[in-house]
>>> print(open('data_38.txt').read())   # compact mmCIF, N, CA and C atoms
# COMPACT_ATOMS: atom_id res chain seq x y z
N GLN A 1426 -18.89 0.64 -1.95
CA GLN A 1426 -18.55 -0.71 -1.49
C GLN A 1426 -18.28 -0.64 0.00
N ILE A 1427 -18.79 -1.61 0.74
CA ILE A 1427 -18.58 -1.68 2.18
C ILE A 1427 -17.90 -2.99 2.54
N PHE A 1428 -17.44 -3.08 3.77
CA PHE A 1428 -16.93 -4.34 4.29
C PHE A 1428 -18.13 -5.26 4.47
N PHE A 1429 -17.96 -6.53 4.23
CA PHE A 1429 -19.09 -7.46 4.24
C PHE A 1429 -18.66 -8.82 4.74
N HIS A 1430 -19.64 -9.67 5.01
CA HIS A 1430 -19.39 -11.09 5.29
C HIS A 1430 -20.39 -11.90 4.49
N ASP A 1431 -19.90 -12.79 3.66
CA ASP A 1431 -20.73 -13.66 2.83
C ASP A 1431 -20.32 -15.10 3.13
N ALA A 1432 -21.13 -15.80 3.93
CA ALA A 1432 -20.77 -17.14 4.39
C ALA A 1432 -20.62 -18.13 3.24
N GLU A 1433 -21.28 -17.90 2.12
CA GLU A 1433 -21.15 -18.82 0.99
C GLU A 1433 -19.82 -18.65 0.28
N LYS A 1434 -19.32 -17.42 0.18
CA LYS A 1434 -18.06 -17.17 -0.51
C LYS A 1434 -16.86 -17.22 0.43
N GLN A 1435 -17.08 -16.83 1.69
CA GLN A 1435 -16.00 -16.77 2.68
C GLN A 1435 -16.42 -17.59 3.89
N PRO A 1436 -16.01 -18.86 3.98
CA PRO A 1436 -16.49 -19.70 5.07
C PRO A 1436 -15.95 -19.31 6.45
N LYS A 1437 -14.87 -18.55 6.49
CA LYS A 1437 -14.32 -18.12 7.77
C LYS A 1437 -14.90 -16.77 8.14
N ILE A 1438 -15.36 -16.64 9.37
CA ILE A 1438 -16.04 -15.43 9.82
C ILE A 1438 -15.08 -14.25 9.84
N GLY A 1439 -15.59 -13.11 9.39
CA GLY A 1439 -14.83 -11.87 9.40
C GLY A 1439 -15.51 -10.85 8.51
N TRP A 1440 -14.96 -9.64 8.49
CA TRP A 1440 -15.43 -8.59 7.60
C TRP A 1440 -14.42 -8.44 6.49
N TYR A 1441 -14.89 -8.50 5.26
CA TYR A 1441 -14.01 -8.47 4.09
C TYR A 1441 -14.24 -7.21 3.28
N ALA A 1442 -13.17 -6.69 2.73
CA ALA A 1442 -13.25 -5.64 1.71
C ALA A 1442 -12.70 -6.27 0.44
N SER A 1443 -13.41 -6.09 -0.67
CA SER A 1443 -12.94 -6.68 -1.92
C SER A 1443 -12.80 -5.64 -3.03
N LYS A 1444 -12.73 -4.37 -2.63
CA LYS A 1444 -12.62 -3.30 -3.61
C LYS A 1444 -11.92 -2.11 -2.97
N HIS A 1445 -11.03 -1.46 -3.71
CA HIS A 1445 -10.37 -0.25 -3.22
C HIS A 1445 -11.44 0.78 -2.83
N GLY A 1446 -11.26 1.41 -1.70
CA GLY A 1446 -12.22 2.40 -1.23
C GLY A 1446 -13.33 1.85 -0.36
N ALA A 1447 -13.37 0.52 -0.18
CA ALA A 1447 -14.39 -0.07 0.70
C ALA A 1447 -14.27 0.57 2.09
N SER A 1448 -15.41 0.74 2.76
CA SER A 1448 -15.37 1.43 4.05
C SER A 1448 -16.44 0.88 4.99
N PHE A 1449 -16.29 1.24 6.25
CA PHE A 1449 -17.29 0.92 7.26
C PHE A 1449 -17.24 1.98 8.34
N SER A 1450 -18.33 2.11 9.08
CA SER A 1450 -18.41 3.06 10.20
C SER A 1450 -19.13 2.38 11.36
N LEU A 1451 -18.63 2.62 12.55
CA LEU A 1451 -19.25 2.10 13.77
C LEU A 1451 -19.38 3.23 14.79
N ARG A 1452 -20.46 3.22 15.51
CA ARG A 1452 -20.63 4.11 16.66
C ARG A 1452 -20.81 3.20 17.87
N ILE A 1453 -19.92 3.33 18.83
CA ILE A 1453 -19.93 2.46 19.99
C ILE A 1453 -20.24 3.30 21.23
N GLU A 1454 -21.33 2.98 21.89
CA GLU A 1454 -21.72 3.67 23.12
C GLU A 1454 -20.95 3.02 24.27
N VAL A 1455 -20.14 3.80 24.95
CA VAL A 1455 -19.24 3.28 25.98
C VAL A 1455 -19.98 3.11 27.31
N LYS A 1456 -19.84 1.92 27.88
CA LYS A 1456 -20.48 1.60 29.17
C LYS A 1456 -19.50 1.65 30.34
N SER A 1457 -18.20 1.51 30.05
CA SER A 1457 -17.18 1.58 31.10
C SER A 1457 -15.91 2.18 30.50
N ASP A 1458 -15.01 2.64 31.34
CA ASP A 1458 -13.78 3.28 30.87
C ASP A 1458 -13.07 2.41 29.84
N THR A 1459 -12.70 3.03 28.74
CA THR A 1459 -12.09 2.32 27.62
C THR A 1459 -10.89 3.11 27.13
N ASN A 1460 -9.73 2.49 27.11
CA ASN A 1460 -8.50 3.19 26.74
C ASN A 1460 -7.83 2.65 25.48
N PHE A 1461 -8.20 1.45 25.05
CA PHE A 1461 -7.54 0.84 23.91
C PHE A 1461 -8.53 0.19 22.95
N LEU A 1462 -8.17 0.20 21.68
CA LEU A 1462 -8.89 -0.48 20.62
C LEU A 1462 -7.94 -1.50 20.02
N THR A 1463 -8.38 -2.74 19.89
CA THR A 1463 -7.59 -3.77 19.24
C THR A 1463 -8.36 -4.26 18.02
N ILE A 1464 -7.68 -4.28 16.89
CA ILE A 1464 -8.25 -4.80 15.66
C ILE A 1464 -7.45 -6.02 15.25
N MET A 1465 -8.14 -7.15 15.11
CA MET A 1465 -7.50 -8.37 14.60
C MET A 1465 -7.69 -8.37 13.09
N SER A 1466 -6.59 -8.48 12.36
CA SER A 1466 -6.70 -8.52 10.90
C SER A 1466 -5.81 -9.62 10.34
N MET A 1467 -6.11 -9.98 9.11
CA MET A 1467 -5.33 -11.00 8.43
C MET A 1467 -4.18 -10.34 7.69
N LYS A 1468 -3.01 -10.96 7.78
CA LYS A 1468 -1.87 -10.62 6.92
C LYS A 1468 -1.62 -11.85 6.06
N SER A 1469 -1.38 -11.61 4.78
CA SER A 1469 -1.18 -12.73 3.88
C SER A 1469 -0.17 -12.37 2.80
N TYR A 1470 0.30 -13.38 2.12
CA TYR A 1470 1.28 -13.25 1.05
C TYR A 1470 0.62 -13.24 -0.33
N GLY A 1471 -0.66 -13.51 -0.41
CA GLY A 1471 -1.34 -13.62 -1.69
C GLY A 1471 -1.31 -12.33 -2.49
N PRO A 1472 -1.43 -12.44 -3.80
CA PRO A 1472 -1.35 -11.26 -4.66
C PRO A 1472 -2.45 -10.24 -4.37
N ASN A 1473 -3.61 -10.68 -3.87
CA ASN A 1473 -4.66 -9.72 -3.58
C ASN A 1473 -4.39 -8.90 -2.31
N PHE A 1474 -3.38 -9.28 -1.52
CA PHE A 1474 -3.02 -8.53 -0.32
C PHE A 1474 -1.89 -7.53 -0.55
N VAL A 1475 -1.23 -7.59 -1.70
CA VAL A 1475 -0.09 -6.70 -1.98
C VAL A 1475 -0.54 -5.24 -1.90
N ASP A 1476 0.21 -4.43 -1.18
CA ASP A 1476 -0.01 -3.00 -1.04
C ASP A 1476 -1.32 -2.61 -0.35
N THR A 1477 -1.96 -3.54 0.38
CA THR A 1477 -3.21 -3.17 1.05
C THR A 1477 -2.93 -2.39 2.33
N ILE A 1478 -3.68 -1.30 2.48
CA ILE A 1478 -3.60 -0.47 3.69
C ILE A 1478 -5.01 -0.09 4.10
N LEU A 1479 -5.33 -0.39 5.35
CA LEU A 1479 -6.60 0.03 5.94
C LEU A 1479 -6.32 1.23 6.83
N ASN A 1480 -7.02 2.33 6.59
CA ASN A 1480 -6.91 3.52 7.43
C ASN A 1480 -8.07 3.49 8.42
N ILE A 1481 -7.75 3.65 9.69
CA ILE A 1481 -8.75 3.68 10.76
C ILE A 1481 -8.73 5.07 11.38
N SER A 1482 -9.88 5.73 11.41
CA SER A 1482 -10.03 7.02 12.08
C SER A 1482 -10.91 6.80 13.30
N VAL A 1483 -10.46 7.34 14.43
CA VAL A 1483 -11.19 7.17 15.69
C VAL A 1483 -11.45 8.56 16.28
N GLN A 1484 -12.68 8.77 16.71
CA GLN A 1484 -13.04 10.00 17.41
C GLN A 1484 -13.76 9.63 18.70
N ILE A 1485 -13.48 10.38 19.75
CA ILE A 1485 -14.19 10.22 21.01
C ILE A 1485 -15.14 11.40 21.14
N VAL A 1486 -16.42 11.12 21.26
CA VAL A 1486 -17.41 12.16 21.50
C VAL A 1486 -17.79 12.09 22.97
N ARG A 1487 -17.48 13.17 23.68
CA ARG A 1487 -17.75 13.22 25.11
C ARG A 1487 -19.24 13.35 25.40
N LYS A 1488 -19.67 12.72 26.45
CA LYS A 1488 -21.07 12.83 26.87
C LYS A 1488 -21.41 14.31 27.04
N GLY A 1489 -22.48 14.74 26.38
CA GLY A 1489 -22.92 16.13 26.50
C GLY A 1489 -22.26 17.08 25.53
N ASP A 1490 -21.39 16.59 24.63
CA ASP A 1490 -20.72 17.47 23.66
C ASP A 1490 -21.50 17.65 22.36
N ASN A 1491 -22.77 17.30 22.34
CA ASN A 1491 -23.62 17.47 21.16
C ASN A 1491 -23.01 16.87 19.90
N GLN A 1492 -22.47 15.67 20.02
CA GLN A 1492 -21.96 14.89 18.87
C GLN A 1492 -20.72 15.47 18.23
N GLN A 1493 -20.07 16.46 18.83
CA GLN A 1493 -18.88 17.04 18.24
C GLN A 1493 -17.63 16.46 18.89
N ALA A 1494 -16.73 15.98 18.06
CA ALA A 1494 -15.46 15.46 18.58
C ALA A 1494 -14.40 16.53 18.45
N LEU A 1495 -13.61 16.72 19.47
CA LEU A 1495 -12.53 17.69 19.44
C LEU A 1495 -11.31 17.10 18.75
N ALA A 1496 -10.47 17.94 18.17
CA ALA A 1496 -9.27 17.47 17.49
C ALA A 1496 -8.39 16.66 18.44
N SER A 1497 -8.36 17.02 19.71
CA SER A 1497 -7.54 16.29 20.69
C SER A 1497 -8.13 14.91 20.99
N SER A 1498 -9.35 14.69 20.54
CA SER A 1498 -10.00 13.40 20.77
C SER A 1498 -10.13 12.61 19.48
N SER A 1499 -9.24 12.86 18.52
CA SER A 1499 -9.26 12.18 17.22
C SER A 1499 -7.88 11.61 16.91
N ALA A 1500 -7.87 10.50 16.21
CA ALA A 1500 -6.59 9.89 15.80
C ALA A 1500 -6.83 9.04 14.57
N SER A 1501 -5.76 8.79 13.81
CA SER A 1501 -5.80 7.90 12.65
C SER A 1501 -4.69 6.88 12.77
N TYR A 1502 -4.97 5.68 12.30
CA TYR A 1502 -4.01 4.58 12.34
C TYR A 1502 -4.05 3.86 10.99
N GLU A 1503 -2.96 3.20 10.65
CA GLU A 1503 -2.91 2.41 9.42
C GLU A 1503 -2.52 0.98 9.73
N ILE A 1504 -3.15 0.05 9.01
CA ILE A 1504 -2.84 -1.37 9.15
C ILE A 1504 -2.58 -1.91 7.75
N THR A 1505 -1.46 -2.59 7.58
CA THR A 1505 -1.15 -3.21 6.29
C THR A 1505 -1.63 -4.66 6.29
N GLY A 1506 -1.92 -5.16 5.10
CA GLY A 1506 -2.45 -6.51 5.00
C GLY A 1506 -1.50 -7.52 4.38
N TYR A 1507 -0.35 -7.06 3.91
CA TYR A 1507 0.57 -7.95 3.19
C TYR A 1507 1.80 -8.26 4.03
N HIS A 1508 2.28 -9.49 3.90
CA HIS A 1508 3.61 -9.84 4.40
C HIS A 1508 4.15 -10.94 3.49
N GLU A 1509 5.45 -11.18 3.54
CA GLU A 1509 6.09 -12.11 2.61
C GLU A 1509 6.15 -13.54 3.11
N THR A 1510 5.84 -13.77 4.39
CA THR A 1510 5.83 -15.13 4.92
C THR A 1510 4.77 -15.94 4.18
N ARG A 1511 5.11 -17.15 3.78
CA ARG A 1511 4.22 -17.96 2.94
C ARG A 1511 3.10 -18.65 3.72
N THR A 1512 2.46 -17.90 4.57
CA THR A 1512 1.27 -18.37 5.29
C THR A 1512 0.43 -17.16 5.67
N SER A 1513 -0.84 -17.36 5.85
CA SER A 1513 -1.72 -16.29 6.30
C SER A 1513 -1.83 -16.36 7.82
N ILE A 1514 -1.78 -15.21 8.46
CA ILE A 1514 -1.85 -15.15 9.92
C ILE A 1514 -2.83 -14.07 10.35
N HIS A 1515 -3.31 -14.17 11.58
CA HIS A 1515 -4.15 -13.13 12.17
C HIS A 1515 -3.29 -12.37 13.17
N VAL A 1516 -3.33 -11.04 13.08
CA VAL A 1516 -2.44 -10.20 13.87
C VAL A 1516 -3.27 -9.19 14.67
N PRO A 1517 -3.01 -9.07 15.99
CA PRO A 1517 -3.69 -8.03 16.76
C PRO A 1517 -2.94 -6.70 16.62
N HIS A 1518 -3.69 -5.64 16.43
CA HIS A 1518 -3.12 -4.29 16.35
C HIS A 1518 -3.78 -3.48 17.46
N LYS A 1519 -3.00 -3.14 18.49
CA LYS A 1519 -3.54 -2.44 19.66
C LYS A 1519 -3.22 -0.96 19.57
N PHE A 1520 -4.26 -0.12 19.65
CA PHE A 1520 -4.11 1.32 19.54
C PHE A 1520 -4.66 2.00 20.78
N GLU A 1521 -3.89 2.99 21.27
CA GLU A 1521 -4.38 3.78 22.39
C GLU A 1521 -5.43 4.76 21.87
N LEU A 1522 -6.56 4.83 22.55
CA LEU A 1522 -7.60 5.75 22.12
C LEU A 1522 -7.17 7.19 22.38
N PRO A 1523 -7.56 8.11 21.51
CA PRO A 1523 -7.15 9.51 21.67
C PRO A 1523 -7.86 10.19 22.83
N GLY A 1524 -7.36 11.34 23.24
CA GLY A 1524 -8.00 12.15 24.27
C GLY A 1524 -8.06 11.52 25.63
N GLY A 1525 -7.14 10.60 25.91
CA GLY A 1525 -7.14 9.93 27.21
C GLY A 1525 -8.16 8.81 27.31
N GLY A 1526 -8.73 8.40 26.18
CA GLY A 1526 -9.69 7.30 26.16
C GLY A 1526 -11.12 7.79 26.30
N ALA A 1527 -12.03 6.85 26.40
CA ALA A 1527 -13.46 7.14 26.51
C ALA A 1527 -13.95 6.72 27.88
N ARG A 1528 -14.93 7.45 28.38
CA ARG A 1528 -15.52 7.16 29.69
C ARG A 1528 -16.99 6.77 29.51
N ALA A 1529 -17.57 6.20 30.53
CA ALA A 1529 -18.98 5.80 30.47
C ALA A 1529 -19.83 6.99 30.01
N GLY A 1530 -20.68 6.76 29.01
CA GLY A 1530 -21.53 7.81 28.46
C GLY A 1530 -20.96 8.45 27.21
N ASP A 1531 -19.64 8.30 26.97
CA ASP A 1531 -19.03 8.81 25.74
C ASP A 1531 -19.36 7.87 24.58
N SER A 1532 -19.06 8.30 23.37
CA SER A 1532 -19.21 7.47 22.18
C SER A 1532 -17.87 7.39 21.46
N ILE A 1533 -17.58 6.23 20.90
CA ILE A 1533 -16.40 6.05 20.05
C ILE A 1533 -16.91 5.93 18.62
N LEU A 1534 -16.44 6.82 17.77
CA LEU A 1534 -16.77 6.78 16.35
C LEU A 1534 -15.57 6.17 15.62
N LEU A 1535 -15.82 5.09 14.92
CA LEU A 1535 -14.75 4.35 14.25
C LEU A 1535 -15.08 4.27 12.76
N ASP A 1536 -14.19 4.80 11.93
CA ASP A 1536 -14.35 4.76 10.48
C ASP A 1536 -13.14 4.05 9.88
N GLY A 1537 -13.40 3.08 9.03
CA GLY A 1537 -12.33 2.35 8.35
C GLY A 1537 -12.49 2.49 6.85
N LYS A 1538 -11.36 2.63 6.15
CA LYS A 1538 -11.40 2.74 4.69
C LYS A 1538 -10.17 2.08 4.11
N LEU A 1539 -10.38 1.25 3.10
CA LEU A 1539 -9.27 0.62 2.39
C LEU A 1539 -8.69 1.65 1.42
N THR A 1540 -7.56 2.26 1.82
CA THR A 1540 -6.99 3.37 1.05
C THR A 1540 -5.97 2.93 0.02
N SER A 1541 -5.53 1.69 0.11
CA SER A 1541 -4.59 1.15 -0.87
C SER A 1541 -4.88 -0.33 -1.03
N GLY A 1542 -4.76 -0.81 -2.26
CA GLY A 1542 -5.04 -2.20 -2.53
C GLY A 1542 -6.53 -2.45 -2.70
N ALA A 1543 -6.89 -3.73 -2.84
CA ALA A 1543 -8.28 -4.06 -3.14
C ALA A 1543 -8.81 -5.23 -2.32
N TYR A 1544 -8.12 -5.63 -1.24
CA TYR A 1544 -8.61 -6.75 -0.45
C TYR A 1544 -8.10 -6.61 0.98
N PHE A 1545 -8.97 -6.88 1.95
CA PHE A 1545 -8.58 -6.80 3.35
C PHE A 1545 -9.57 -7.62 4.16
N LYS A 1546 -9.09 -8.16 5.29
CA LYS A 1546 -9.97 -8.92 6.19
C LYS A 1546 -9.74 -8.51 7.63
N ILE A 1547 -10.84 -8.18 8.31
CA ILE A 1547 -10.83 -7.94 9.74
C ILE A 1547 -11.49 -9.14 10.41
N ASN A 1548 -10.80 -9.71 11.40
CA ASN A 1548 -11.31 -10.87 12.10
C ASN A 1548 -12.05 -10.51 13.38
N GLY A 1549 -11.76 -9.33 13.94
CA GLY A 1549 -12.43 -8.95 15.17
C GLY A 1549 -11.99 -7.60 15.69
N LEU A 1550 -12.80 -7.07 16.58
CA LEU A 1550 -12.53 -5.80 17.26
C LEU A 1550 -12.68 -6.03 18.76
N ALA A 1551 -11.86 -5.35 19.54
CA ALA A 1551 -11.98 -5.43 20.99
C ALA A 1551 -11.69 -4.07 21.59
N LEU A 1552 -12.38 -3.75 22.65
CA LEU A 1552 -12.15 -2.52 23.41
C LEU A 1552 -11.81 -2.92 24.83
N CYS A 1553 -10.82 -2.25 25.42
CA CYS A 1553 -10.46 -2.62 26.79
C CYS A 1553 -9.89 -1.42 27.55
N SER A 1554 -9.82 -1.59 28.87
CA SER A 1554 -9.28 -0.55 29.73
C SER A 1554 -7.77 -0.58 29.81
N PHE A 1555 -7.18 -1.79 29.66
CA PHE A 1555 -5.74 -1.95 29.87
C PHE A 1555 -5.05 -2.37 28.60
>>> encode(input="data_38.txt", output="C-alpha cells")
Amino acid sequence: QIFFHDAEKQPKIGWYASKHGASFSLRIEVKSDTNFLTIMSMKSYGPNFVDTILNISVQIVRKGDNQQALASSSASYEITGYHETRTSIHVPHKFELPGGGARAGDSILLDGKLTSGAYFKINGLALCSF
C-alpha cells in the first residue's frame, strides 16, 4: 500500500495513507543549498487518526558519493496524526536536514512509512535554506 490521492474519494488535495504500513519514497535533486524540510500534515480527532504515527527517514547523498549516504547524513523523524481538539487542522513540521543540509548537486532521499495506525494525510512538502 502506498500514499495516494483519489479526487473522487478525497476532494481535498493531499497524499493519503489508508492502511498500516503504507509508504512512499522521494528522491529530490537539490538545485540550491537546502537546510530544512517542512511537512504539512493533518491532525484530527477522528477515530481513524487515533495512534497514527508517520516515520520519516531522510538521507543526504553527496554529489559524487556513488549513491551512498553516510550515517552522519541520515536522520529519522516522527509525526503524529491525532489530537483531541474537536476540529481537524493542518500543522507544519519543520525538520533540520542531517549532515549540515544538502548542497547543489546533492540528492535528498525521503522515505515515509505509516508505522502506527491506519490513516494519515500529508498536505504538502517544502524545502528551504532558512
>>> residues_near_point(input="data_38.txt", point="(-5.5, 1.0, 6.6)", cutoff="12 Å", atoms="only C-alpha atoms", output="JSON, numbers by chain")
{"A": [1442, 1445, 1446, 1447, 1448, 1449, 1464, 1466, 1476, 1477, 1478, 1479, 1480, 1481, 1482, 1501, 1502, 1503, 1504, 1505, 1506, 1507, 1518, 1536, 1537, 1538, 1539, 1540, 1541, 1542, 1543, 1544, 1545, 1546, 1547]}
>>> closest_residue(input="data_38.txt", among="A:Ile1438, A:His1430, A:Ile1485, A:Arg1511", to="Arg1528 of chain A", atoms="all atoms listed in the file")
A:Ile1485
>>> select_by_dssp(input="data_38.txt", residues="segment 1432-1510 of chain A", states="strand (DSSP E or B)", output="PyMOL selection string")
chain A and resi 1440-1442+1448-1454+1459+1461-1469+1478-1486+1499-1505+1507
>>> closest_residue(input="data_38.txt", among="A:Gly1549, A:Pro1436, A:Gly1489, A:Pro1517", to="Ser1532 of chain A", atoms="only N, CA and C atoms")
A:Gly1489
>>> atom_distance(input="data_38.txt", atom1="atom N of Arg1487 of chain A", atom2="atom C of Gly1530 of chain A")
6.8 Å
>>> select_by_dssp(input="data_38.txt", residues="chain A", states="helix (DSSP H, G or I)", output="ChimeraX atom specification")
/A:1472-1474,1496-1498,1523-1525
>>> atom_distance(input="data_38.txt", atom1="atom C of Ser1499 of chain A", atom2="atom CA of Met1467 of chain A")
24.3 Å
>>> atom_distance(input="data_38.txt", atom1="atom N of Leu1451 of chain A", atom2="atom N of Pro1523 of chain A")
15.3 Å
>>> closest_residue(input="data_38.txt", among="A:Val1483, A:Ile1514, A:Ala1500, A:Leu1534", to="Glu1454 of chain A", atoms="all atoms listed in the file")
A:Leu1534
>>> closest_residue(input="data_38.txt", among="A:Leu1550, A:Ala1527, A:Leu1522, A:Ile1427", to="Lys1456 of chain A", atoms="all atoms listed in the file")
A:Ala1527
>>> closest_residue(input="data_38.txt", among="A:Ser1513, A:Ser1498, A:Ser1554, A:Gln1484", to="Asn1460 of chain A", atoms="only N, CA and C atoms")
A:Ser1554
>>> closest_residue(input="data_38.txt", among="A:Cys1553, A:His1508, A:Gly1525, A:Leu1535", to="Ser1469 of chain A", atoms="only C-alpha atoms")
A:His1508
>>> build_atoms(input="data_38.txt", residues="segment 1531-1547 of chain A", atoms="N, CA, C and O atoms", output="PDB file, in the frame of the given file")
ATOM      1  N   ASP A1531     -19.640   8.300  26.970  1.00  0.00           N
ATOM      2  CA  ASP A1531     -19.030   8.810  25.740  1.00  0.00           C
ATOM      3  C   ASP A1531     -19.360   7.870  24.580  1.00  0.00           C
ATOM      4  O   ASP A1531     -19.869   6.761  24.787  1.00  0.00           O
ATOM      5  N   SER A1532     -19.060   8.300  23.370  1.00  0.00           N
ATOM      6  CA  SER A1532     -19.210   7.470  22.180  1.00  0.00           C
ATOM      7  C   SER A1532     -17.870   7.390  21.460  1.00  0.00           C
ATOM      8  O   SER A1532     -17.122   8.366  21.417  1.00  0.00           O
ATOM      9  N   ILE A1533     -17.580   6.230  20.900  1.00  0.00           N
ATOM     10  CA  ILE A1533     -16.400   6.050  20.050  1.00  0.00           C
ATOM     11  C   ILE A1533     -16.910   5.930  18.620  1.00  0.00           C
ATOM     12  O   ILE A1533     -17.744   5.082  18.319  1.00  0.00           O
ATOM     13  N   LEU A1534     -16.440   6.820  17.770  1.00  0.00           N
ATOM     14  CA  LEU A1534     -16.770   6.780  16.350  1.00  0.00           C
ATOM     15  C   LEU A1534     -15.570   6.170  15.620  1.00  0.00           C
ATOM     16  O   LEU A1534     -14.456   6.675  15.728  1.00  0.00           O
ATOM     17  N   LEU A1535     -15.820   5.090  14.920  1.00  0.00           N
ATOM     18  CA  LEU A1535     -14.750   4.350  14.250  1.00  0.00           C
ATOM     19  C   LEU A1535     -15.080   4.270  12.760  1.00  0.00           C
ATOM     20  O   LEU A1535     -16.141   3.786  12.381  1.00  0.00           O
ATOM     21  N   ASP A1536     -14.190   4.800  11.930  1.00  0.00           N
ATOM     22  CA  ASP A1536     -14.350   4.760  10.480  1.00  0.00           C
ATOM     23  C   ASP A1536     -13.140   4.050   9.880  1.00  0.00           C
ATOM     24  O   ASP A1536     -11.999   4.379  10.210  1.00  0.00           O
ATOM     25  N   GLY A1537     -13.400   3.080   9.030  1.00  0.00           N
ATOM     26  CA  GLY A1537     -12.330   2.350   8.350  1.00  0.00           C
ATOM     27  C   GLY A1537     -12.490   2.490   6.850  1.00  0.00           C
ATOM     28  O   GLY A1537     -13.608   2.490   6.326  1.00  0.00           O
ATOM     29  N   LYS A1538     -11.360   2.630   6.150  1.00  0.00           N
ATOM     30  CA  LYS A1538     -11.400   2.740   4.690  1.00  0.00           C
ATOM     31  C   LYS A1538     -10.170   2.080   4.110  1.00  0.00           C
ATOM     32  O   LYS A1538      -9.044   2.302   4.567  1.00  0.00           O
ATOM     33  N   LEU A1539     -10.380   1.250   3.100  1.00  0.00           N
ATOM     34  CA  LEU A1539      -9.270   0.620   2.390  1.00  0.00           C
ATOM     35  C   LEU A1539      -8.690   1.650   1.420  1.00  0.00           C
ATOM     36  O   LEU A1539      -9.261   1.939   0.379  1.00  0.00           O
ATOM     37  N   THR A1540      -7.560   2.260   1.820  1.00  0.00           N
ATOM     38  CA  THR A1540      -6.990   3.370   1.050  1.00  0.00           C
ATOM     39  C   THR A1540      -5.970   2.930   0.020  1.00  0.00           C
ATOM     40  O   THR A1540      -5.574   3.710  -0.832  1.00  0.00           O
ATOM     41  N   SER A1541      -5.530   1.690   0.110  1.00  0.00           N
ATOM     42  CA  SER A1541      -4.590   1.150  -0.870  1.00  0.00           C
ATOM     43  C   SER A1541      -4.880  -0.330  -1.030  1.00  0.00           C
ATOM     44  O   SER A1541      -5.211  -1.027  -0.073  1.00  0.00           O
ATOM     45  N   GLY A1542      -4.760  -0.810  -2.260  1.00  0.00           N
ATOM     46  CA  GLY A1542      -5.040  -2.200  -2.530  1.00  0.00           C
ATOM     47  C   GLY A1542      -6.530  -2.450  -2.700  1.00  0.00           C
ATOM     48  O   GLY A1542      -7.337  -1.523  -2.703  1.00  0.00           O
ATOM     49  N   ALA A1543      -6.890  -3.730  -2.840  1.00  0.00           N
ATOM     50  CA  ALA A1543      -8.280  -4.060  -3.140  1.00  0.00           C
ATOM     51  C   ALA A1543      -8.810  -5.230  -2.320  1.00  0.00           C
ATOM     52  O   ALA A1543      -9.854  -5.779  -2.652  1.00  0.00           O
ATOM     53  N   TYR A1544      -8.120  -5.630  -1.240  1.00  0.00           N
ATOM     54  CA  TYR A1544      -8.610  -6.750  -0.450  1.00  0.00           C
ATOM     55  C   TYR A1544      -8.100  -6.610   0.980  1.00  0.00           C
ATOM     56  O   TYR A1544      -6.930  -6.285   1.215  1.00  0.00           O
ATOM     57  N   PHE A1545      -8.970  -6.880   1.950  1.00  0.00           N
ATOM     58  CA  PHE A1545      -8.580  -6.800   3.350  1.00  0.00           C
ATOM     59  C   PHE A1545      -9.570  -7.620   4.160  1.00  0.00           C
ATOM     60  O   PHE A1545     -10.731  -7.754   3.785  1.00  0.00           O
ATOM     61  N   LYS A1546      -9.090  -8.160   5.290  1.00  0.00           N
ATOM     62  CA  LYS A1546      -9.970  -8.920   6.190  1.00  0.00           C
ATOM     63  C   LYS A1546      -9.740  -8.510   7.630  1.00  0.00           C
ATOM     64  O   LYS A1546      -8.606  -8.484   8.109  1.00  0.00           O
ATOM     65  N   ILE A1547     -10.840  -8.180   8.310  1.00  0.00           N
ATOM     66  CA  ILE A1547     -10.830  -7.940   9.740  1.00  0.00           C
ATOM     67  C   ILE A1547     -11.490  -9.140  10.410  1.00  0.00           C
ATOM     68  O   ILE A1547     -12.586  -9.536  10.044  1.00  0.00           O
TER      69      ILE A1547
END
